[in-house]
Amino acid sequence: MNGQLLYIIIMVVEAAIIVGLIITNVKLHKKNKSNTEMLYTYKEKLREDELDDNIRNEYYKQDKYENDWKNIPYETTFEEEQEVRTRDAVCVHFECISRVATRKYLVNVTDELYLGRAKTNGIVFDEQDVDQKHIHFLRQKGKLYVQCISDKMPVIFVRQDSRYELTDSLVMVNDGDQLVFKDSRVVITLI
């Protein structure tokens, strides 16, 4: 009887040790998973910061006399709306969507702005279906207008369900309008 009691006590202790090891293993696994997710998030943030640094357009100056606004792509929730607007300008959010990446720009258009592959443009959209100077934006009387200045590559202007080819005639831009190239597009949001 003593032998059986001792055997039962040893079995209970072994079971308790095994349960304790299983609980410890599960906790360590959860902690490891959490650390892995944090590391992945950190690496993604570093990658996004590096991409943002690589696509900054340091050559663009909207005003020839001042360089107070640089054309910097960013991700936004539009919470800083009052801070980004400048007086006597139209504040525009451009989302340039290509086959490879999406780049976002916030620009205060005081006079005019060019979009194309050339590094001197206000918005550099380096895609094969975009010309060196392709699109011209113009601010007149507080409104934003757009025209296509490329004769080689057509641009389709999309407003809600309407689509037509953009020419060198000025067209007033509304919030949500899109410019569609062959394999890429630009979504325009007025702030």
# chains A, B, ... in the order shown; residues from 1 in each chain; ligands from 1
call {"tool": "select_by_dssp", "arguments": {"residues": "chain A", "states": "strand (DSSP E)", "output": "ChimeraX atom specification"}}
result
/A:90-97,102-109,112-116,123-124,135-140,143-148,155-159,162-166,171-172,178-180,185-190
call {"tool": "residues_around", "arguments": {"residues": "Ser98 in chain A", "least_positions_apart": "4", "cutoff": "10 Å", "atoms": "only C-alpha atoms", "output": "PDB file with C-alpha atoms, in the first residue's frame"}}
result
ATOM      1  CA  THR A 102       1.847  54.049 -55.213  1.00  0.00           C
ATOM      2  CA  ARG A 103       3.268  57.450 -54.299  1.00  0.00           C
ATOM      3  CA  PHE A 125       5.887  60.222 -62.166  1.00  0.00           C
ATOM      4  CA  ASP A 126       8.565  57.964 -63.617  1.00  0.00           C
ATOM      5  CA  GLU A 127       6.552  55.547 -65.751  1.00  0.00           C
ATOM      6  CA  GLN A 128       7.069  54.413 -69.349  1.00  0.00           C
ATOM      7  CA  ASP A 129       3.620  55.662 -70.402  1.00  0.00           C
ATOM      8  CA  PHE A 181      -2.381  56.781 -68.665  1.00  0.00           C
ATOM      9  CA  LYS A 182      -1.755  53.429 -70.383  1.00  0.00           C
ATOM     10  CA  ASP A 183      -0.819  51.373 -67.281  1.00  0.00           C
ATOM     11  CA  SER A 184      -0.955  53.961 -64.500  1.00  0.00           C
ATOM     12  CA  ARG A 185      -3.182  56.671 -63.107  1.00  0.00           C
ATOM     13  CA  VAL A 186      -3.272  59.749 -60.879  1.00  0.00           C
TER      14      VAL A 186
END
call {"tool": "residues_around", "arguments": {"residues": "range 143-156 of chain A", "least_positions_apart": "4", "cutoff": "8 Å", "atoms": "only C-alpha atoms", "output": "PyMOL selection string"}}
result
chain A and resi 90+129-131+133-139+163-173+179-182
call {"tool": "write_last_selection", "arguments": {"atoms": "N, CA and C atoms", "output": "compact mmCIF listing (two decimals), in the first residue's frame"}}
result
# COMPACT_ATOMS: atom_id res chain seq x y z
N VAL A 90 -3.98 76.45 -54.05
CA VAL A 90 -4.92 75.32 -54.01
C VAL A 90 -4.13 74.13 -53.49
N ASP A 129 4.73 55.07 -69.66
CA ASP A 129 3.62 55.66 -70.40
C ASP A 129 3.42 57.14 -70.09
N VAL A 130 4.37 57.76 -69.38
CA VAL A 130 4.30 59.17 -69.04
C VAL A 130 5.47 59.88 -69.71
N ASP A 131 5.18 61.01 -70.37
CA ASP A 131 6.20 61.79 -71.08
C ASP A 131 7.02 62.62 -70.08
N LYS A 133 7.43 65.96 -69.80
CA LYS A 133 6.47 66.94 -69.28
C LYS A 133 5.14 66.56 -69.91
N HIS A 134 4.27 65.98 -69.12
CA HIS A 134 3.05 65.39 -69.68
C HIS A 134 1.80 66.19 -69.35
N ILE A 135 1.67 66.56 -68.08
CA ILE A 135 0.45 67.23 -67.60
C ILE A 135 0.83 68.59 -67.02
N HIS A 136 -0.01 69.58 -67.30
CA HIS A 136 0.19 70.93 -66.78
C HIS A 136 -1.02 71.30 -65.94
N PHE A 137 -0.78 71.63 -64.65
CA PHE A 137 -1.83 72.12 -63.77
C PHE A 137 -1.66 73.62 -63.64
N LEU A 138 -2.77 74.34 -63.62
CA LEU A 138 -2.73 75.80 -63.56
C LEU A 138 -3.78 76.28 -62.57
N ARG A 139 -3.39 77.22 -61.72
CA ARG A 139 -4.34 77.81 -60.77
C ARG A 139 -4.78 79.16 -61.30
N ARG A 163 -15.65 59.55 -69.16
CA ARG A 163 -14.26 59.39 -69.58
C ARG A 163 -14.08 60.07 -70.93
N TYR A 164 -13.05 60.90 -71.03
CA TYR A 164 -12.73 61.45 -72.35
C TYR A 164 -11.25 61.79 -72.40
N GLU A 165 -10.74 61.93 -73.63
CA GLU A 165 -9.31 62.19 -73.80
C GLU A 165 -9.01 63.64 -73.45
N LEU A 166 -8.00 63.82 -72.62
CA LEU A 166 -7.57 65.15 -72.20
C LEU A 166 -6.71 65.76 -73.31
N THR A 167 -7.00 67.00 -73.66
CA THR A 167 -6.26 67.68 -74.72
C THR A 167 -5.53 68.88 -74.13
N ASP A 168 -5.10 69.79 -74.99
CA ASP A 168 -4.42 70.99 -74.50
C ASP A 168 -5.39 72.07 -74.04
N SER A 169 -6.70 71.80 -74.13
CA SER A 169 -7.70 72.73 -73.58
C SER A 169 -7.75 72.57 -72.07
N LEU A 170 -7.88 73.68 -71.36
CA LEU A 170 -7.94 73.64 -69.90
C LEU A 170 -9.26 73.05 -69.42
N VAL A 171 -9.19 72.15 -68.45
CA VAL A 171 -10.37 71.54 -67.84
C VAL A 171 -10.29 71.79 -66.34
N MET A 172 -11.38 72.29 -65.74
CA MET A 172 -11.38 72.53 -64.30
C MET A 172 -11.40 71.19 -63.56
N VAL A 173 -10.57 71.09 -62.52
CA VAL A 173 -10.44 69.86 -61.75
C VAL A 173 -11.43 69.88 -60.59
N LEU A 179 -6.59 60.96 -63.74
CA LEU A 179 -5.91 60.99 -65.02
C LEU A 179 -5.38 59.59 -65.26
N VAL A 180 -5.83 58.96 -66.34
CA VAL A 180 -5.46 57.58 -66.61
C VAL A 180 -4.53 57.54 -67.81
N PHE A 181 -3.35 56.99 -67.60
CA PHE A 181 -2.38 56.78 -68.67
C PHE A 181 -2.56 55.34 -69.14
N LYS A 182 -1.61 54.79 -69.87
CA LYS A 182 -1.76 53.43 -70.38
C LYS A 182 -1.86 52.41 -69.25
call {"tool": "closest_residue", "arguments": {"among": "A:Thr36, A:Thr189, A:Asn174, A:Thr120", "to": "Leu106 in chain A", "atoms": "only C-alpha atoms"}}
result
A:Thr189
call {"tool": "atom_distance", "arguments": {"atom1": "CA of Gln178 in chain A", "atom2": "CA of Arg159 in chain A"}}
result
6.6 Å
call {"tool": "atom_distance", "arguments": {"atom1": "CA of Thr24 in chain A", "atom2": "CA of Leu6 in chain A"}}
result
26.9 Å
call {"tool": "atom_distance", "arguments": {"atom1": "CA of Glu44 in chain A", "atom2": "CA of Tyr105 in chain A"}}
result
20.3 Å
call {"tool": "closest_residue", "arguments": {"among": "A:Leu113, A:Gly122, A:Ala89, A:Phe94", "to": "Gly176 in chain A", "atoms": "only C-alpha atoms"}}
result
A:Phe94
